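Shown next: final-v8.txt, given as compact mmCIF, C-alpha atoms.
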# COMPACT_ATOMS: atom_id res chain seq x y z
CA THR A 6 0.00 0.00 0.00
CA SER A 7 1.10 3.59 -0.56
CA ILE A 8 -0.02 7.09 0.38
CA LEU A 9 0.35 10.22 -1.73
CA CYS A 10 -0.65 13.25 0.32
CA SER A 11 -0.83 16.78 -1.03
CA PHE A 12 -1.51 20.17 0.59
CA ALA A 13 1.46 20.62 2.87
CA GLY A 14 1.59 24.43 3.01
CA TYR A 15 0.25 27.04 5.43
CA ASP A 16 -2.25 28.12 2.78
CA CYS A 17 -3.88 24.68 2.39
CA ILE A 18 -3.62 22.48 5.48
CA PRO A 19 -5.33 24.81 8.02
CA PHE A 20 -8.55 25.12 5.97
CA GLU A 21 -9.14 21.40 5.42
CA LEU A 22 -7.88 20.40 8.87
CA SER A 23 -10.05 23.05 10.57
CA THR A 24 -13.15 21.85 8.68
CA TYR A 25 -12.35 18.30 9.77
CA MET A 26 -11.99 19.45 13.39
CA ALA A 27 -15.25 21.41 13.21
CA THR A 28 -17.15 18.45 11.75
CA LYS A 29 -16.07 16.29 14.67
CA ALA A 30 -16.92 18.99 17.24
CA LEU A 31 -20.37 19.54 15.71
CA ASN A 32 -20.96 15.78 15.45
CA CYS A 33 -22.81 16.41 12.21
CA GLU A 34 -22.17 14.94 8.77
CA THR A 35 -24.02 17.67 6.84
CA LEU A 36 -22.62 21.20 6.86
CA THR A 37 -24.50 24.21 5.52
CA ASN A 38 -21.71 26.76 5.04
CA VAL A 39 -17.94 26.92 5.49
CA GLU A 40 -15.94 30.16 5.50
CA CYS A 41 -12.20 30.34 6.06
CA VAL A 42 -10.55 33.72 6.77
CA VAL A 43 -6.77 34.08 6.52
CA SER A 44 -4.97 36.98 8.20
CA LEU A 45 -1.19 37.33 7.95
CA GLU A 46 0.76 39.54 10.37
CA GLY A 47 4.21 40.73 9.36
CA MET A 48 4.36 38.79 6.09
CA SER A 49 7.86 39.49 4.86
CA ALA A 50 7.73 39.10 1.08
CA PRO A 51 5.62 39.20 -2.09
CA ALA A 52 4.23 36.19 -3.95
CA PRO A 53 6.49 33.10 -3.78
CA ARG A 54 8.35 32.09 -6.93
CA GLY A 55 6.80 28.62 -6.98
CA THR A 56 3.25 30.00 -6.90
CA ILE A 57 3.91 32.34 -9.84
CA ARG A 58 5.60 29.58 -11.81
CA THR A 59 2.67 27.23 -11.25
CA VAL A 60 0.23 29.85 -12.59
CA ILE A 61 2.39 30.35 -15.68
CA SER A 62 2.77 26.61 -16.29
CA LYS A 63 -1.03 26.17 -16.36
CA LEU A 64 -1.64 28.79 -19.08
CA SER A 65 -1.83 26.27 -21.93
CA GLN A 66 -4.29 24.14 -19.93
CA ALA A 67 -6.35 26.95 -18.38
CA HIS A 68 -9.63 25.80 -19.95
CA LEU A 69 -9.11 22.16 -18.93
CA PHE A 70 -7.76 23.01 -15.50
CA GLY A 71 -10.85 24.99 -14.45
CA TYR A 72 -13.12 22.17 -15.57
CA SER A 73 -11.06 19.58 -13.68
CA LEU A 74 -11.43 21.57 -10.44
CA ILE A 75 -15.23 21.45 -10.73
CA GLU A 76 -15.12 17.74 -11.58
CA PHE A 77 -12.92 17.03 -8.56
CA GLY A 78 -15.11 18.99 -6.14
CA GLY A 79 -18.41 17.34 -7.07
CA LYS A 80 -19.59 13.76 -6.62
CA ASP A 81 -22.68 14.36 -8.78
CA MET A 82 -24.11 17.13 -10.96
CA LYS A 83 -25.65 18.97 -7.97
CA ASP A 84 -22.30 18.92 -6.16
CA LYS A 85 -20.48 20.13 -9.27
CA LEU A 86 -22.88 23.08 -9.59
CA ARG A 87 -22.35 23.93 -5.91
CA THR A 88 -18.59 23.82 -6.44
CA LEU A 89 -18.91 26.10 -9.48
CA LEU A 90 -21.07 28.55 -7.51
CA SER A 91 -18.59 28.60 -4.61
CA LEU A 92 -15.71 29.31 -7.01
CA LEU A 93 -17.62 32.10 -8.78
CA VAL A 94 -18.53 33.76 -5.46
CA TRP A 95 -14.92 33.30 -4.28
CA LEU A 96 -13.74 35.50 -7.18
CA LEU A 97 -15.78 38.43 -5.87
CA PRO A 98 -15.11 40.73 -2.90
CA TRP A 99 -16.97 39.56 0.19
CA TYR A 100 -18.29 41.50 3.18
CA SER A 101 -17.66 39.10 6.03
CA THR A 102 -19.53 39.41 9.31
CA ASN A 103 -17.64 36.36 10.56
CA ALA A 104 -14.32 38.17 10.10
CA GLY A 105 -15.56 41.18 12.08
CA SER A 106 -17.71 43.03 9.52
CA VAL A 107 -14.91 43.80 7.06
CA PHE A 108 -14.40 43.51 3.31
CA THR A 109 -12.32 40.50 2.36
CA MET A 110 -10.47 39.45 -0.78
CA PRO A 111 -10.29 35.98 -2.32
CA HIS A 112 -7.53 33.98 -0.68
CA PHE A 113 -5.11 33.14 -3.50
CA MET A 114 -5.30 29.36 -2.85
CA GLY A 115 -9.10 29.25 -2.79
CA TRP A 116 -9.20 27.81 -6.31
CA CYS A 117 -7.84 24.53 -4.95
CA ASN A 118 -8.97 24.67 -1.29
CA ILE A 119 -12.67 25.03 -2.17
CA PRO A 120 -12.90 21.89 -4.37
CA VAL A 121 -10.91 19.89 -1.81
CA VAL A 122 -13.13 20.86 1.14
CA ARG A 123 -16.26 20.25 -0.94
CA ARG A 124 -14.99 16.78 -1.88
CA SER A 125 -13.81 15.88 1.63
CA PHE A 126 -16.96 17.02 3.45
CA ASN A 127 -20.69 17.13 2.79
CA VAL A 128 -21.45 20.86 2.42
CA SER A 129 -24.87 21.87 1.12
CA GLY A 130 -24.13 25.61 0.80
CA LEU A 131 -21.19 27.87 -0.02
CA VAL A 132 -17.56 27.12 0.76
CA GLN A 133 -15.44 30.29 0.90
CA ASP A 134 -11.72 30.93 1.30
CA ARG A 135 -11.15 34.61 2.12
CA MET A 136 -8.29 36.87 3.14
CA VAL A 137 -8.11 40.03 5.24
CA LEU A 138 -5.27 42.20 3.97
CA PRO A 139 -2.99 44.06 6.43
CA GLY A 140 -4.89 47.07 7.72
CA GLY A 141 -8.15 45.64 6.41
CA ARG A 142 -9.78 46.01 9.83
CA LYS A 143 -8.87 49.71 10.14
CA TRP A 144 -11.39 52.52 9.66
CA TYR A 145 -9.05 54.49 7.36
CA THR A 146 -9.17 51.67 4.78
CA GLY A 147 -12.98 51.63 4.96
CA TYR A 148 -12.61 48.28 6.73
CA GLY A 149 -11.01 46.84 3.62
CA LEU A 150 -13.20 48.61 1.02
CA LEU A 151 -10.30 50.77 -0.18
CA TYR A 152 -8.30 47.63 -0.96
CA VAL A 153 -11.24 46.15 -2.86
CA VAL A 154 -11.59 49.23 -5.09
CA ILE A 155 -7.86 49.49 -5.88
CA ILE A 156 -7.14 45.79 -6.37
CA TYR A 157 -10.23 45.02 -8.45
CA GLN A 158 -9.47 47.95 -10.76
CA PHE A 159 -6.01 46.45 -11.30
CA LEU A 160 -7.50 43.00 -11.89
CA LEU A 161 -10.22 44.14 -14.29
CA PHE A 162 -8.21 46.58 -16.38
CA PHE A 163 -4.74 44.98 -16.37
CA PHE A 164 -4.33 41.48 -14.98
CA LEU A 165 -7.39 39.75 -16.47
CA PRO A 166 -6.89 41.13 -20.03
CA LEU A 167 -3.19 40.19 -19.86
CA TYR A 168 -3.99 36.72 -18.50
CA ALA A 169 -6.66 36.17 -21.17
CA VAL A 170 -4.25 37.10 -23.98
CA LEU A 171 -1.50 34.87 -22.59
CA ALA A 172 -3.86 31.94 -21.91
CA ILE A 173 -5.42 32.04 -25.39
CA SER A 174 -1.97 32.33 -26.98
CA CYS A 175 -0.66 29.38 -24.96
CA ILE A 176 -3.76 27.24 -25.69
CA LEU A 177 -3.37 27.87 -29.43
CA TYR A 178 0.43 27.59 -29.38
CA PRO A 179 1.56 25.40 -26.42
CA SER A 180 5.23 26.01 -27.24
CA PHE A 181 4.65 29.67 -26.30
CA ASN A 182 3.98 28.52 -22.72
CA ASP A 183 7.44 26.94 -22.56
CA LYS A 184 9.03 30.18 -23.79
CA ILE A 185 7.25 32.21 -21.06
CA LEU A 186 8.48 29.74 -18.42
CA GLN A 187 12.03 29.98 -19.77
CA LEU A 188 11.81 33.77 -19.64
CA PHE A 189 10.55 33.67 -16.04
CA ASP A 190 13.32 31.26 -15.00
CA SER A 191 15.95 33.45 -16.65
CA CYS A 192 14.83 36.38 -14.48
CA VAL A 193 15.92 34.39 -11.40
CA TYR A 194 13.00 35.80 -9.41
CA ARG A 195 13.41 35.17 -5.69
CA ALA A 196 10.73 36.66 -3.44
CA ARG A 197 12.99 36.54 -0.39
CA THR A 198 16.08 38.25 -1.84
CA PHE A 199 15.53 41.47 0.11
CA PHE A 200 13.71 39.93 3.08
CA THR A 201 16.31 37.83 4.90
CA ASP A 202 15.93 39.38 8.34
CA ASP A 203 15.54 36.43 10.74
CA GLN A 204 13.83 38.60 13.32
CA LEU A 205 11.23 39.66 10.73
CA LEU A 206 10.62 36.02 9.74
CA ASN A 207 10.19 34.88 13.32
CA ASN A 208 7.97 37.78 14.44
CA ALA A 209 5.41 37.22 11.70
CA LYS A 210 2.24 35.29 12.49
CA THR A 211 -0.26 33.23 10.50
CA ASN A 212 -3.90 33.34 11.65
CA VAL A 213 -6.52 31.15 9.99
CA THR A 214 -10.07 31.18 11.38
CA THR A 215 -12.66 28.83 9.94
CA PHE A 216 -16.40 29.23 10.55
CA VAL A 217 -18.48 26.11 9.99
CA THR A 218 -22.26 25.93 10.38
CA SER A 219 -24.19 22.68 10.62
CA SER A 220 -27.69 21.69 9.54
CA ASP A 221 -28.85 21.80 13.19
CA LYS A 222 -28.04 25.55 13.51
CA LYS A 223 -24.76 25.20 15.39
CA LYS A 224 -21.52 26.93 14.50
CA ALA A 225 -17.96 25.78 15.10
CA ILE A 226 -15.17 28.35 15.13
CA VAL A 227 -11.73 26.85 14.58
CA LYS A 228 -8.64 29.00 15.15
CA PHE A 229 -5.27 28.04 13.71
CA VAL A 230 -2.31 30.16 14.81
CA CYS A 231 1.33 29.68 13.84
CA GLN A 232 4.19 31.92 14.94
CA GLY A 233 6.63 32.76 12.16
CA ASP A 234 6.64 33.73 8.51
CA PRO A 235 3.84 31.90 6.66
CA GLY A 236 5.80 30.97 3.54
CA ILE A 237 8.90 29.71 5.36
CA VAL A 238 8.44 28.90 9.05
CA CYS A 239 4.77 27.89 9.04
CA THR A 240 4.91 25.97 5.75
CA ALA A 241 8.03 24.05 6.87
CA LEU A 242 6.33 23.18 10.16
CA VAL A 243 3.04 21.89 8.72
CA ALA A 244 4.84 20.00 5.93
CA ALA A 245 7.12 18.22 8.37
CA GLU A 246 4.35 17.50 10.88
CA THR A 247 2.10 16.12 8.13
CA ALA A 248 4.83 13.71 7.02
CA LEU A 249 5.49 12.58 10.59
CA ALA A 250 1.77 12.18 11.34
CA ILE A 251 1.34 9.96 8.28
CA VAL A 252 4.24 7.75 9.37
CA LEU A 253 2.93 7.51 12.95
CA ASP A 254 -0.52 6.56 11.66
CA LEU A 255 0.70 3.82 9.29
CA LYS A 256 -0.38 1.00 11.65
CA HIS A 257 -3.90 2.37 12.06
CA PRO A 258 -6.36 -0.47 11.21
CA ASN A 259 -8.51 1.80 9.02
CA LYS A 260 -5.64 3.55 7.27
CA ILE A 261 -6.62 5.37 4.07
CA THR A 262 -4.25 4.71 1.17
CA GLY A 263 -3.80 6.16 -2.29
CA PHE A 264 -4.07 9.84 -3.21
CA THR A 265 -5.55 11.71 -0.27
CA THR A 266 -5.27 14.83 1.92
CA PRO A 267 -3.95 15.44 5.47
CA ALA A 268 -7.30 15.58 7.29
CA LYS A 269 -8.39 12.30 5.75
CA VAL A 270 -5.22 10.34 6.29
CA CYS A 271 -3.93 11.62 9.65
CA GLY A 272 -6.29 14.34 10.93
CA ASP A 273 -6.34 13.50 14.65
CA THR A 274 -2.61 12.81 14.88
CA LEU A 275 -1.74 15.97 12.95
CA ILE A 276 -3.95 18.13 15.21
CA GLN A 277 -2.26 16.66 18.27
CA ARG A 278 1.23 17.24 16.87
CA LEU A 279 0.51 20.84 15.84
CA ASN A 280 -0.83 21.63 19.31
CA THR A 281 2.37 20.33 20.91
CA ALA A 282 4.77 22.00 18.45
CA SER A 283 7.42 24.15 20.11
CA ASN A 284 6.99 27.34 18.03
CA GLY A 285 3.64 28.49 19.40
CA CYS A 286 1.45 26.71 16.87
CA SER A 287 -2.09 25.84 17.99
CA ILE A 288 -5.43 24.76 16.55
CA THR A 289 -8.53 25.00 18.75
CA VAL A 290 -12.29 24.73 18.26
CA GLU A 291 -15.30 26.35 19.93
CA VAL A 292 -18.95 25.44 19.30
CA VAL A 293 -21.63 28.13 19.64
CA GLU A 294 -25.33 28.37 18.87
CA GLU A 295 -26.22 30.20 15.66
CA GLU A 296 -27.88 33.56 16.19
Could you show the structure in this file as C-alpha cells?
Amino acid sequence: TSILCSFAGYDCIPFELSTYMATKALNCETLTNVECVVSLEGMSAPAPRGTIRTVISKLSQAHLFGYSLIEFGGKDMKDKLRTLLSLLVWLLPWYSTNAGSVFTMPHFMGWCNIPVVRRSFNVSGLVQDRMVLPGGRKWYTGYGLLYVVIIYQFLLFFFLPLYAVLAISCILYPSFNDKILQLFDSCVYRARTFFTDDQLLNNAKTNVTTFVTSSDKKKAIVKFVCQGDPGIVCTALVAAETALAIVLDLKHPNKITGFTTPAKVCGDTLIQRLNTASNGCSITVEVVEEE
C-alpha cells in the first residue's frame, strides 16, 4: 500500500484540517456553510516564486484546469454546480460578518482549497476561502473597502486582459507557454532576496479562522495560529508535521491509502502534533449556537 498526500503548506492544510476538526466537534455529517478567513501579520515578502511559476505553467491548460477543479469537487451534478457557484462567489469581494464586519479578498489558494473541502466534506451551501489584507480592519481603509476598489481595478483593467491574452496564446500555441516559463526562469525571481531578516521572519504570524455551520443551527469556530513567517516557518512546520503524522498513523487499522489529503489520512494525529509544536502553533475549536 502507498499514500500520496498533497496540501502541505500554510495556505492549504489549516482550511481542510479546521473543517475536519469542526465536523467532529459539531458531530454532524451535513454542513450548511464553510468560511475560512486568513490573516497574515508581518508577512515578509511578495508572492512566492513557486506560486507564480505554477500559474504560468497552467496557461496552456487553463480551460481544462478549471473544468477539472469542478469535476474534482463534485460527486454528482448537484455537487459540481455547488462547487462552481462557490468558485464564482470566491472570485468576488466579500463582506464578512464572521471576520468582524470587514471587506475580504479571495484567498489566493481558494481555487484549490474550495474543491478539496467540498470533496472531503458534505457541504450543502457555499464554501469560501477569504483573506483580510494588512490594515483591512482599520477605519481608514474603509474596513477593507479601499483595498477592494484598488485591487479590483487592477484585476479588471490589467491582470485579467493580460492573463486572457497569454492563456489564449498558450492554448493555441503550447510552445509559447514553454518560452514564457524559460523567460521567467531566466529572471531568477526570488521573493525573499531582500527579506532575509531572521527577526522579521520569526515575528510574523499566521492566523486562519474557519467558521463552519451545521444543519442543526450550530456553529464551530476553529482558530489556527502559527508563529513565524507563513511561507517559510509555518509551511516548513506543517509540511514536516504532516509527514510525521502519516508515518505515525501507518499502523492504524482503518488507514486510508492512495491519493488523499492530510485531514483524511492523519487528521487526529496531525492536530495533536501541531498543538504540541514548540513554536507556538495551535489549533482550537469552539462550538456556539447560531444567532
Can you build me a table of stretch 74-150 of chain A residues sitting at most 12 Å from stretch 207-211 of chain A, with the closest atom pair per residue and its distance in Å to one decimal, using only C-alpha atoms, sorted by chain and residue number, as JSON lines?
{"residue": "A:Met136", "atom": "CA", "partner": "A:Thr211", "partner_atom": "CA", "distance": 11.5}
{"residue": "A:Val137", "atom": "CA", "partner": "A:Thr211", "partner_atom": "CA", "distance": 11.6}
{"residue": "A:Pro139", "atom": "CA", "partner": "A:Lys210", "partner_atom": "CA", "distance": 11.9}
Atoms to include: C-alpha atoms. Write the selected residues as a PDB file, in the coordinates of the input.
ATOM      1  CA  MET A 136      -8.290  36.870   3.140  1.00  0.00           C
ATOM      2  CA  VAL A 137      -8.110  40.030   5.240  1.00  0.00           C
ATOM      3  CA  PRO A 139      -2.990  44.060   6.430  1.00  0.00           C
TER       4      PRO A 139
END
Test item: residues at most 8 Å from A:Lys223, only C-alpha atoms, excluding those fewer than 6 positions along its chain, as an mmCIF file with C-alpha atoms, in the frame of the given file:
data_model
loop_
_atom_site.group_PDB
_atom_site.id
_atom_site.type_symbol
_atom_site.label_atom_id
_atom_site.label_comp_id
_atom_site.auth_asym_id
_atom_site.auth_seq_id
_atom_site.Cartn_x
_atom_site.Cartn_y
_atom_site.Cartn_z
ATOM 1 C CA LEU A 31 -20.370 19.540 15.710
ATOM 2 C CA VAL A 292 -18.950 25.440 19.300
ATOM 3 C CA VAL A 293 -21.630 28.130 19.640
ATOM 4 C CA GLU A 294 -25.330 28.370 18.870
ATOM 5 C CA GLU A 295 -26.220 30.200 15.660
#
*Would you please work out which residue, of A:Arg142, A:Gly272, A:Tyr157, A:Leu64, is nearest to A:Ser106 when using only C-alpha atoms?*
A:Arg142
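Closest approach to A:Val42 among A:Arg124, A:Lys63, A:Arg135, A:Lys228 is made by A:Arg135 (distances from all atoms listed in the file).
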_Point (-1.3, 47.9, 2.9), cut-off 12 Å, counting all atoms listed in the file, residues as a VMD selection string_ = chain A and resid 45 to 48 137 to 143 145 to 146 148 to 149 151 to 153 155 to 156
*asked:* Just the number, please: distance in Å from atom CA of A:Thr281 to atom CA of A:Val43, one decimal.
replied: 21.9 Å
Complete stretch 159-186 of chain A with N, CA and C atoms (output as a compact mmCIF listing (two decimals), in the frame of the given file).
# COMPACT_ATOMS: atom_id res chain seq x y z
N PHE A 159 -7.22 47.04 -10.71
CA PHE A 159 -6.01 46.45 -11.30
C PHE A 159 -6.34 45.12 -11.98
N LEU A 160 -7.15 44.30 -11.32
CA LEU A 160 -7.50 43.00 -11.89
C LEU A 160 -8.32 43.14 -13.17
N LEU A 161 -9.32 44.01 -13.16
CA LEU A 161 -10.22 44.14 -14.29
C LEU A 161 -9.57 44.79 -15.51
N PHE A 162 -8.73 45.79 -15.26
CA PHE A 162 -8.21 46.58 -16.38
C PHE A 162 -6.79 46.21 -16.80
N PHE A 163 -6.10 45.37 -16.00
CA PHE A 163 -4.74 44.98 -16.37
C PHE A 163 -4.52 43.47 -16.32
N PHE A 164 -4.70 42.89 -15.13
CA PHE A 164 -4.33 41.48 -14.98
C PHE A 164 -5.19 40.54 -15.82
N LEU A 165 -6.52 40.67 -15.75
CA LEU A 165 -7.39 39.75 -16.47
C LEU A 165 -7.22 39.85 -18.00
N PRO A 166 -7.16 41.06 -18.58
CA PRO A 166 -6.89 41.13 -20.03
C PRO A 166 -5.54 40.50 -20.40
N LEU A 167 -4.51 40.77 -19.59
CA LEU A 167 -3.19 40.19 -19.86
C LEU A 167 -3.24 38.67 -19.75
N TYR A 168 -3.89 38.17 -18.68
CA TYR A 168 -3.99 36.72 -18.50
C TYR A 168 -4.76 36.08 -19.64
N ALA A 169 -5.85 36.72 -20.08
CA ALA A 169 -6.66 36.17 -21.17
C ALA A 169 -5.84 36.07 -22.46
N VAL A 170 -5.08 37.12 -22.77
CA VAL A 170 -4.25 37.10 -23.98
C VAL A 170 -3.20 36.00 -23.91
N LEU A 171 -2.53 35.90 -22.75
CA LEU A 171 -1.50 34.87 -22.59
C LEU A 171 -2.09 33.47 -22.62
N ALA A 172 -3.24 33.27 -21.95
CA ALA A 172 -3.86 31.94 -21.91
C ALA A 172 -4.30 31.50 -23.30
N ILE A 173 -4.96 32.39 -24.03
CA ILE A 173 -5.42 32.04 -25.39
C ILE A 173 -4.23 31.75 -26.30
N SER A 174 -3.18 32.54 -26.16
CA SER A 174 -1.97 32.33 -26.98
C SER A 174 -1.33 30.98 -26.66
N CYS A 175 -1.28 30.65 -25.37
CA CYS A 175 -0.66 29.38 -24.96
C CYS A 175 -1.53 28.17 -25.32
N ILE A 176 -2.85 28.33 -25.29
CA ILE A 176 -3.76 27.24 -25.69
C ILE A 176 -3.61 26.96 -27.19
N LEU A 177 -3.51 28.02 -27.98
CA LEU A 177 -3.37 27.87 -29.43
C LEU A 177 -1.97 27.43 -29.82
N TYR A 178 -0.97 27.92 -29.07
CA TYR A 178 0.43 27.59 -29.38
C TYR A 178 1.13 27.17 -28.09
N PRO A 179 0.99 25.88 -27.69
CA PRO A 179 1.56 25.40 -26.42
C PRO A 179 3.05 25.69 -26.26
N SER A 180 3.79 25.75 -27.35
CA SER A 180 5.23 26.01 -27.24
C SER A 180 5.50 27.41 -26.67
N PHE A 181 4.52 28.33 -26.85
CA PHE A 181 4.65 29.67 -26.30
C PHE A 181 4.70 29.64 -24.78
N ASN A 182 3.98 28.68 -24.18
CA ASN A 182 3.98 28.52 -22.72
C ASN A 182 5.38 28.19 -22.22
N ASP A 183 6.07 27.31 -22.95
CA ASP A 183 7.44 26.94 -22.56
C ASP A 183 8.38 28.15 -22.63
N LYS A 184 8.18 28.99 -23.64
CA LYS A 184 9.03 30.18 -23.79
C LYS A 184 8.80 31.17 -22.63
N ILE A 185 7.54 31.31 -22.20
CA ILE A 185 7.25 32.21 -21.06
C ILE A 185 7.91 31.67 -19.80
N LEU A 186 7.84 30.35 -19.58
CA LEU A 186 8.48 29.74 -18.42
C LEU A 186 9.99 29.94 -18.46
